[in-house]
Amino acid sequence: MTITNYLTRKEELILLAVHKLGDTAGLVKVREILNVSTGQEWTVGNVYVPLDRMTKLGYLEARVGEPTARRGGKAVKYYALTRQGKEALAELKRVHDTMWNGVSDPALEK
Amino acid sequence: MGEKFQRPPRLPRWILYRFLPESENTYLGGDFDEIYNSILVRQGRGAACRWYWIQLLYWIPLIVFHSVRWSLTMFKNYLKITLRNLKRQKGYAFINIAGLSVGIACALLIILVVQYEFKYESNHENANRIYRINVEHTQLERTFKSTSSPVPLAPAMCEEVPEVTHFARIAVLRQIQVAYEDRKFYEGNVLFVDPGILEMFTFPLVAGDKTTAFKDANSVVITEDMATKYFGKEDPLGKSLLLVNSISLKVTGVMKNHPGYTNIRPDFMVPIETLKPLVGDGFFENWLSQQLQSFVMLAEDHSVAAVEHKIQDAFNRHVREDDGRVLTLDQLKRMHLFSDTQPTGNINSLRILLAVGGLILLVACINFMNLATARSAKRAKEVGLRKVVGAARQQLIRQFIGESLIYSAVSMLFALVLAYTFLPSLNNLTGQVIEFGDLFQTHILAGMVGIYILVGFVSGSYPALFLSAVQPTRILRGHFEAGTQGVLFRKILVVAQFAISIILIIATMVLGRQLNFLLNKPLGFEKDGIVVIRNDRSTYRRDLQPLKTELLKNPHILGVSGSLMLPSAIGMYNNVTWEGATNNQEISIMHNRVDYDFLDTFGIELVAGRKFSPEFSVDTSAGSDESGPEKSRSIIINQEAARQFGWEDPINKKVIQIYGAERSYFNVIGVVKDFHFSSLRNSIQPLKLFLSTDNNRYVSVKIRGEGLTGTLKFIEETWKRIFPDAPFDYFFFDSVFERTYRSEASLKRLFEYFSGLAVFIGCMGLLGLASYAAERRSKEIGIRKVLGASSPQIVILLSREFTRWVVVANLFAWPAAYFATRSWLGGFAYHINLNAQLGFFVLAGAVALAIALLTVAFQAIRAALSDPVKTLKYE
């Protein structure tokens with residue numbers, strides 16, 4: 001992974017959400033998690049665009065579930081991390097940890 | 001959460017679905033519906049609805065941006081392939097881009113020329129509300145149209161027709177002397193105008209105030225150029241200019257120099273009242289003759305036809321019942337190209353030019369298509385592979401169109417550079433002052449984008465549709481014989497291309513012949529070796545005899561004659577009837593006032609009777625126009641007049657001039673051979689010449705060819721000695737004729753260049769095709785050589801095919817060129833006989849063939865000389 005290919009912060013969060021949700025990672029669930037953990041309202045577009053982009057780039061793969069009545073008879077598209085996606089996430093975590101390591105400033109603690 | 005599913009509101013849902021990616025719309029639509037429903041349950045319908053709409057607002061820009069960015073990623077791949085192809089096949093790419101660039105550059109330049117012509121008078125803000133009043137007079141089925149009108153017309157109309165809000169009359173005195181201290185010049189553009197002109201027309205003043213500039217009669221507004229010419233660096237405001245040695249004018253304003261695209265170019269504007277001492281009071285009340293141009297400005301939103309009608313009615317109240325003059329209105333904006341009366345531009349030339357531009361662009365596009373299809377063998381493998389790994393036909397079409405769009409983008413850039421480079425030479429050629437910046441106006445830019453897309457799509461269309469349809473299995477098995485599929489189509493294209501080039505070559509030749517014909521046709525008078533000195537109003541009534549006597553002392557001077565008009569441009573007419581006319585029939589006849597030596601100086605041949613001579617007192621004694629039949633003045637008429645009067649022997653017959661109720665009688669003393677006293681676009685009209693020794697607007701001096709400089713100097717010195725206060729302002733008579741046919745001459749030169757370019761582009765394409773054919777047949781050539789074919793045989797083999805196409809192209813080009821040139825020649829009363837020029841058609845074909853052969857032979861010879869071992873050893 002070269003430096004230019006680092007995912008954006010938004011994409012990182014979405015990748016993490018997909019990872020956490022496991023088999024139930026559809027757009028609606030991903031958005032709920034993001035809403036809750038960031039405390040902000042995410043628009044559908046803001047969730048879908050990174051999901052689609054990361055699918056096209058090969059970090060995610062999509063799988064189509066069964067149609068359900070509460071969705072007006074439409075199927076859910078579930079996302080899951082590919083190996084590349086997992087590697088990217090691991091890399092992000094490593095960089096993240098390394099960067100934060102040794103930072104001890106009370107002003108940064110909540 | 002067992003609630004029943006609720007459909008979101010119809011309208012936002014419908015809009016949303018327009019913006020869902022096709023493959024995703026069920027899942028994504030479902031996601032939206034699900035969230036909508038959960039909000040509905042928790043917060044009610046209003047909140048859910050609001051949420052849906054807000055989502056929509058965020059969604060649309062995001063998804064549009066996302067999909068565009070994603071397709072750019074694919075585009076990057078196409079771009080890469082295109083650039084690789086470009087690099088790999090440099091020669092081919094060069095031919096392609098060179099052809100297209102030259103084609104587009106031609107089109108751009110032509111667009112510039114045309115838009116410039118359409119821009120005329122647009123410097124005047126009110127150009128679409130200002131109209132010129134023209135006068136039409138029909139007599140005996142001949143209509144005389146004049147852009148001039150009676151002097152009192154415009155003010156009367158402004159008063160009597162409510163729709164007319166402003167008026168301005170413009171009277172031009174050509175060649176009038178203007179002086180400031182010791183700086184004296186003849187000025188051609190001194191306009192006597194109504195003060196309202198500054199409000200109606202847009203003449204921006206850099207100094208002075210337009211509301212007060214014409215408050216006093218003796219004031220003048222001049223251009224910046226004139227300010228520099230007369231006053232140098234001094235402040236011109238308040239300075240005095242002396243007009244015709246007698247009228248002092250105070251400079252009250254300085255206007256900006258006029259742009260090139262206007263025909264109303266006053267260097268000096270003087271209030272019209274100032275004319276009074278020069279022309280007398282009667283001038284301002286004369287409804288009978290057309291003396292100056294009248295412009296009126298209409299209030300907005302009026303039907304021109306209705307106003308025209310009202311103006312006519314008002315006019316009829318001022319003139320006699322049987323006056324018969326018809327007034328028409330010419331919009332200022334349309335005056336240059338579309339005036340029915342006297343267009344200053346030539347809309348037909350522009351149409352021809354536009355057609356030529358279109359044809360050249362077409363030739364360039366054809367080139368591109370030709371080369372692209374011919375090269376398809378190389379590309380076919382790539383297409384096959386793309387198809388195998390899953391490219392849809394749509395994608396391939398997009399790729400090829402995209403590729404040709406890239407080529408035309410590059411060509412567009414080069415074309416802009418070319419156009420920029422050649423614009424100055426074009427300006428030289430046409431006499432226009434086009435600036436490159438004119439290209440960057442919205443409508444022209446839109447046109448350029450149009451050309452770009454057109455060129456891209458037209459030239460990319462054939463390879464896109466043709467190549468994307470090939471079967472991948474056939475290509476990859478190596479069965480794809482490129483060339484074979486597109487052969488017929490390519491032949492048609494090449495034939496079309498050459499037909500266009502040949503048409504342009506023929507048109508150029510015919511144009512050139514006609515122009516030569518116009519310039520060299522014997523006109524019935526001599527035009528070489530004559531120096532013409534202009535006389536202005538202050539000097540033209542003087543007696544020329546002392547000057548003549550002095551000049552003729554020089555052996556190099558053969559004759560001197562004064563006349564009102566030159567034999568090349570006689571433009572005054574009046575109505576006459578004649579002895580023996582049935583029912584007092586009237587015709588219009590042109591006239592000129594000349595002195596004794598006019599016929600000799602210009603070498604005009606007398607076919608019957610005698611010339612004017614001082615020995616016959618009758619020539620001069622009956623000087624007044626109102627003389628009765630027994631004491632009539634002598635005139636000389638031309639053969640056409642005698643023919644129209646139906647006279648076998650015209651000598652001593654009477655011509656009766658009618659002017660209102662007055663009649664004056666003229667006695668014919670001689671007949672001259674018909675000579676062309678106006679442009680060859682018109683046929684010869686009846687003419688009468690009468691003697692007048694004090695109307696010498698032009699003094700013509702016939703000189704010998706040798707010792708020209710010395711003779712000129714002698715004339716100048718003599719002139720200055722005899723008329724010390726008059727400037728010596730002369731020109732060579734033959735220069736008049738070049739000016740007369742200037743528009744034809746510049747059209748001809750444009751044609752020369754553009755047809756040359758069309759042939760060039762066509763040859764570029766042929767070069768590409770020939771080199772491709774030689775390459776494709778390299779093995780065949782190798783085998784032939786091994787079996788004993790000689791190099792010339794191979795050259796012939798390769799050239800034969802192309803030769804045939806060019807020959808076929810001739811068959812299409814000849815009739816097309818014939819009809820096109822015939823209709824152009826039809827606009828001239830005197831023109832070359834097209835049927836006698838058919839040799840040119842063959843010649844043009846031969847030229848095209850020769851150029852094509854040269855182009856092809858270059859490649860063919862190279863192929864023929866190649867070593868067969870090299871081409872065959874691959875197997």
# chains A, B, ... in the order shown; residues from 1 in each chain; ligands from 1
>>> interface_residues(of="chain A", to="chain B", cutoff="9 Å", atoms="only C-alpha atoms", output="ChimeraX atom specification")
/A:26-28,43-46,48-49,53,64,69-77
>>> select_by_dssp(residues="stretch 431-622 of chain B", states="helix (DSSP H, G or I)", output="JSON, numbers by chain")
{"B": [436, 437, 438, 439, 442, 443, 444, 445, 446, 447, 448, 449, 450, 451, 452, 453, 454, 455, 456, 457, 458, 459, 460, 461, 462, 463, 464, 465, 466, 467, 472, 473, 474, 475, 476, 487, 488, 489, 490, 491, 492, 493, 494, 495, 496, 497, 498, 499, 500, 501, 502, 503, 504, 505, 506, 507, 508, 509, 510, 511, 512, 513, 514, 515, 516, 517, 518, 519, 520, 545, 546, 547, 548, 549, 550, 551, 552, 582, 583, 584, 598, 599, 600, 601, 617, 618, 619, 620, 621]}
>>> residues_around(residues="stretch 849-865 of chain B", least_positions_apart="3", cutoff="8 Å", atoms="only C-alpha atoms", output="PyMOL selection string")
chain B and resi 763+766-767+770-771+774-775+778+781+791-792+794-795+798-799+802-803+806-807+845-846
>>> residues_around(residues="B:Leu757", least_positions_apart="5", cutoff="8 Å", atoms="only C-alpha atoms", output="PyMOL selection string")
chain B and resi 102-103+360
>>> select_by_dssp(residues="chain A", states="strand (DSSP E)", output="VMD selection string")
chain A and resid 60 to 68 74 to 81
>>> residues_around(residues="stretch 455-465 of chain B", least_positions_apart="6", cutoff="6 Å", atoms="only C-alpha atoms", output="mmCIF file with C-alpha atoms, in the first residue's frame")
data_model
loop_
_atom_site.group_PDB
_atom_site.id
_atom_site.type_symbol
_atom_site.label_atom_id
_atom_site.label_comp_id
_atom_site.auth_asym_id
_atom_site.auth_seq_id
_atom_site.Cartn_x
_atom_site.Cartn_y
_atom_site.Cartn_z
ATOM 1 C CA CYS B 365 -13.064 14.079 -41.214
ATOM 2 C CA PHE B 368 -9.593 10.451 -40.205
ATOM 3 C CA MET B 369 -12.244 7.829 -40.902
ATOM 4 C CA THR B 373 -10.620 1.976 -40.679
ATOM 5 C CA ILE B 397 -18.036 2.471 -29.067
ATOM 6 C CA PHE B 400 -13.377 4.799 -30.079
ATOM 7 C CA ILE B 401 -15.503 7.920 -30.017
ATOM 8 C CA SER B 404 -11.372 10.488 -31.847
ATOM 9 C CA LEU B 405 -12.516 13.160 -29.408
ATOM 10 C CA SER B 408 -9.845 16.267 -32.359
#
>>> atom_distance(atom1="atom CA of B:Val494", atom2="atom CA of B:Ala355")
19.3 Å
>>> residues_around(residues="B:Ala569", least_positions_apart="4", cutoff="12 Å", atoms="only C-alpha atoms", output="PDB file with N, CA and C atoms, in the first residue's frame")
ATOM      1  N   LEU B 523     -12.245  47.902 -72.505  1.00  0.00           N
ATOM      2  CA  LEU B 523     -13.422  48.563 -71.963  1.00  0.00           C
ATOM      3  C   LEU B 523     -13.966  49.615 -72.918  1.00  0.00           C
ATOM      4  N   SER B 563     -13.045  66.560 -66.594  1.00  0.00           N
ATOM      5  CA  SER B 563     -14.389  66.029 -66.731  1.00  0.00           C
ATOM      6  C   SER B 563     -15.043  65.942 -65.363  1.00  0.00           C
ATOM      7  N   LEU B 564     -16.372  65.853 -65.369  1.00  0.00           N
ATOM      8  CA  LEU B 564     -17.099  65.726 -64.115  1.00  0.00           C
ATOM      9  C   LEU B 564     -16.867  64.342 -63.524  1.00  0.00           C
ATOM     10  N   MET B 565     -16.898  63.317 -64.396  1.00  0.00           N
ATOM     11  CA  MET B 565     -16.692  61.954 -63.927  1.00  0.00           C
ATOM     12  C   MET B 565     -15.716  61.248 -64.846  1.00  0.00           C
ATOM     13  N   MET B 590     -27.704  57.924 -68.851  1.00  0.00           N
ATOM     14  CA  MET B 590     -26.619  58.396 -68.000  1.00  0.00           C
ATOM     15  C   MET B 590     -25.994  59.613 -68.673  1.00  0.00           C
ATOM     16  N   HIS B 591     -25.380  60.473 -67.880  1.00  0.00           N
ATOM     17  CA  HIS B 591     -24.687  61.569 -68.544  1.00  0.00           C
ATOM     18  C   HIS B 591     -23.401  61.959 -67.822  1.00  0.00           C
ATOM     19  N   ASN B 592     -22.549  62.606 -68.587  1.00  0.00           N
ATOM     20  CA  ASN B 592     -21.279  63.078 -68.054  1.00  0.00           C
ATOM     21  C   ASN B 592     -20.969  64.419 -68.710  1.00  0.00           C
ATOM     22  N   PHE B 675     -18.711  52.069 -74.572  1.00  0.00           N
ATOM     23  CA  PHE B 675     -17.633  51.701 -73.652  1.00  0.00           C
ATOM     24  C   PHE B 675     -18.231  51.425 -72.280  1.00  0.00           C
ATOM     25  N   HIS B 676     -17.501  50.632 -71.480  1.00  0.00           N
ATOM     26  CA  HIS B 676     -18.049  50.202 -70.189  1.00  0.00           C
ATOM     27  C   HIS B 676     -17.826  51.287 -69.158  1.00  0.00           C
ATOM     28  N   PHE B 677     -18.862  52.108 -68.913  1.00  0.00           N
ATOM     29  CA  PHE B 677     -18.651  53.191 -67.968  1.00  0.00           C
ATOM     30  C   PHE B 677     -19.083  52.820 -66.554  1.00  0.00           C
ATOM     31  N   SER B 678     -19.461  51.545 -66.335  1.00  0.00           N
ATOM     32  CA  SER B 678     -19.610  51.108 -64.946  1.00  0.00           C
ATOM     33  C   SER B 678     -19.086  49.676 -64.883  1.00  0.00           C
ATOM     34  N   SER B 679     -19.183  49.069 -63.694  1.00  0.00           N
ATOM     35  CA  SER B 679     -18.613  47.735 -63.501  1.00  0.00           C
ATOM     36  C   SER B 679     -19.175  46.730 -64.510  1.00  0.00           C
ATOM     37  N   LEU B 680     -18.361  45.731 -64.823  1.00  0.00           N
ATOM     38  CA  LEU B 680     -18.789  44.729 -65.803  1.00  0.00           C
ATOM     39  C   LEU B 680     -19.890  43.833 -65.263  1.00  0.00           C
ATOM     40  N   ASN B 682     -22.650  45.046 -64.732  1.00  0.00           N
ATOM     41  CA  ASN B 682     -23.821  45.607 -65.404  1.00  0.00           C
ATOM     42  C   ASN B 682     -23.581  45.713 -66.901  1.00  0.00           C
ATOM     43  N   ILE B 684     -24.037  47.651 -70.659  1.00  0.00           N
ATOM     44  CA  ILE B 684     -23.855  49.056 -71.047  1.00  0.00           C
ATOM     45  C   ILE B 684     -25.207  49.748 -71.197  1.00  0.00           C
ATOM     46  N   TYR B 698     -12.289  66.048 -62.146  1.00  0.00           N
ATOM     47  CA  TYR B 698     -11.083  65.254 -62.383  1.00  0.00           C
ATOM     48  C   TYR B 698     -10.311  65.842 -63.552  1.00  0.00           C
ATOM     49  N   PHE B 733      -5.034  55.976 -63.080  1.00  0.00           N
ATOM     50  CA  PHE B 733      -6.374  55.589 -63.468  1.00  0.00           C
ATOM     51  C   PHE B 733      -6.590  54.078 -63.353  1.00  0.00           C
ATOM     52  N   VAL B 736      -8.047  52.232 -60.267  1.00  0.00           N
ATOM     53  CA  VAL B 736      -9.483  52.249 -60.012  1.00  0.00           C
ATOM     54  C   VAL B 736     -10.095  50.868 -60.249  1.00  0.00           C
ATOM     55  N   PHE B 737      -9.568  50.192 -61.277  1.00  0.00           N
ATOM     56  CA  PHE B 737     -10.206  48.939 -61.691  1.00  0.00           C
ATOM     57  C   PHE B 737      -9.940  47.822 -60.713  1.00  0.00           C
ATOM     58  N   ARG B 739      -9.651  48.279 -57.638  1.00  0.00           N
ATOM     59  CA  ARG B 739     -10.550  48.536 -56.517  1.00  0.00           C
ATOM     60  C   ARG B 739     -11.963  48.055 -56.818  1.00  0.00           C
ATOM     61  N   THR B 740     -12.400  48.246 -58.066  1.00  0.00           N
ATOM     62  CA  THR B 740     -13.754  47.855 -58.434  1.00  0.00           C
ATOM     63  C   THR B 740     -13.992  46.370 -58.194  1.00  0.00           C
TER      64      THR B 740
END
>>> atom_distance(atom1="atom CA of B:Thr577", atom2="atom CA of B:Glu648")
16.6 Å
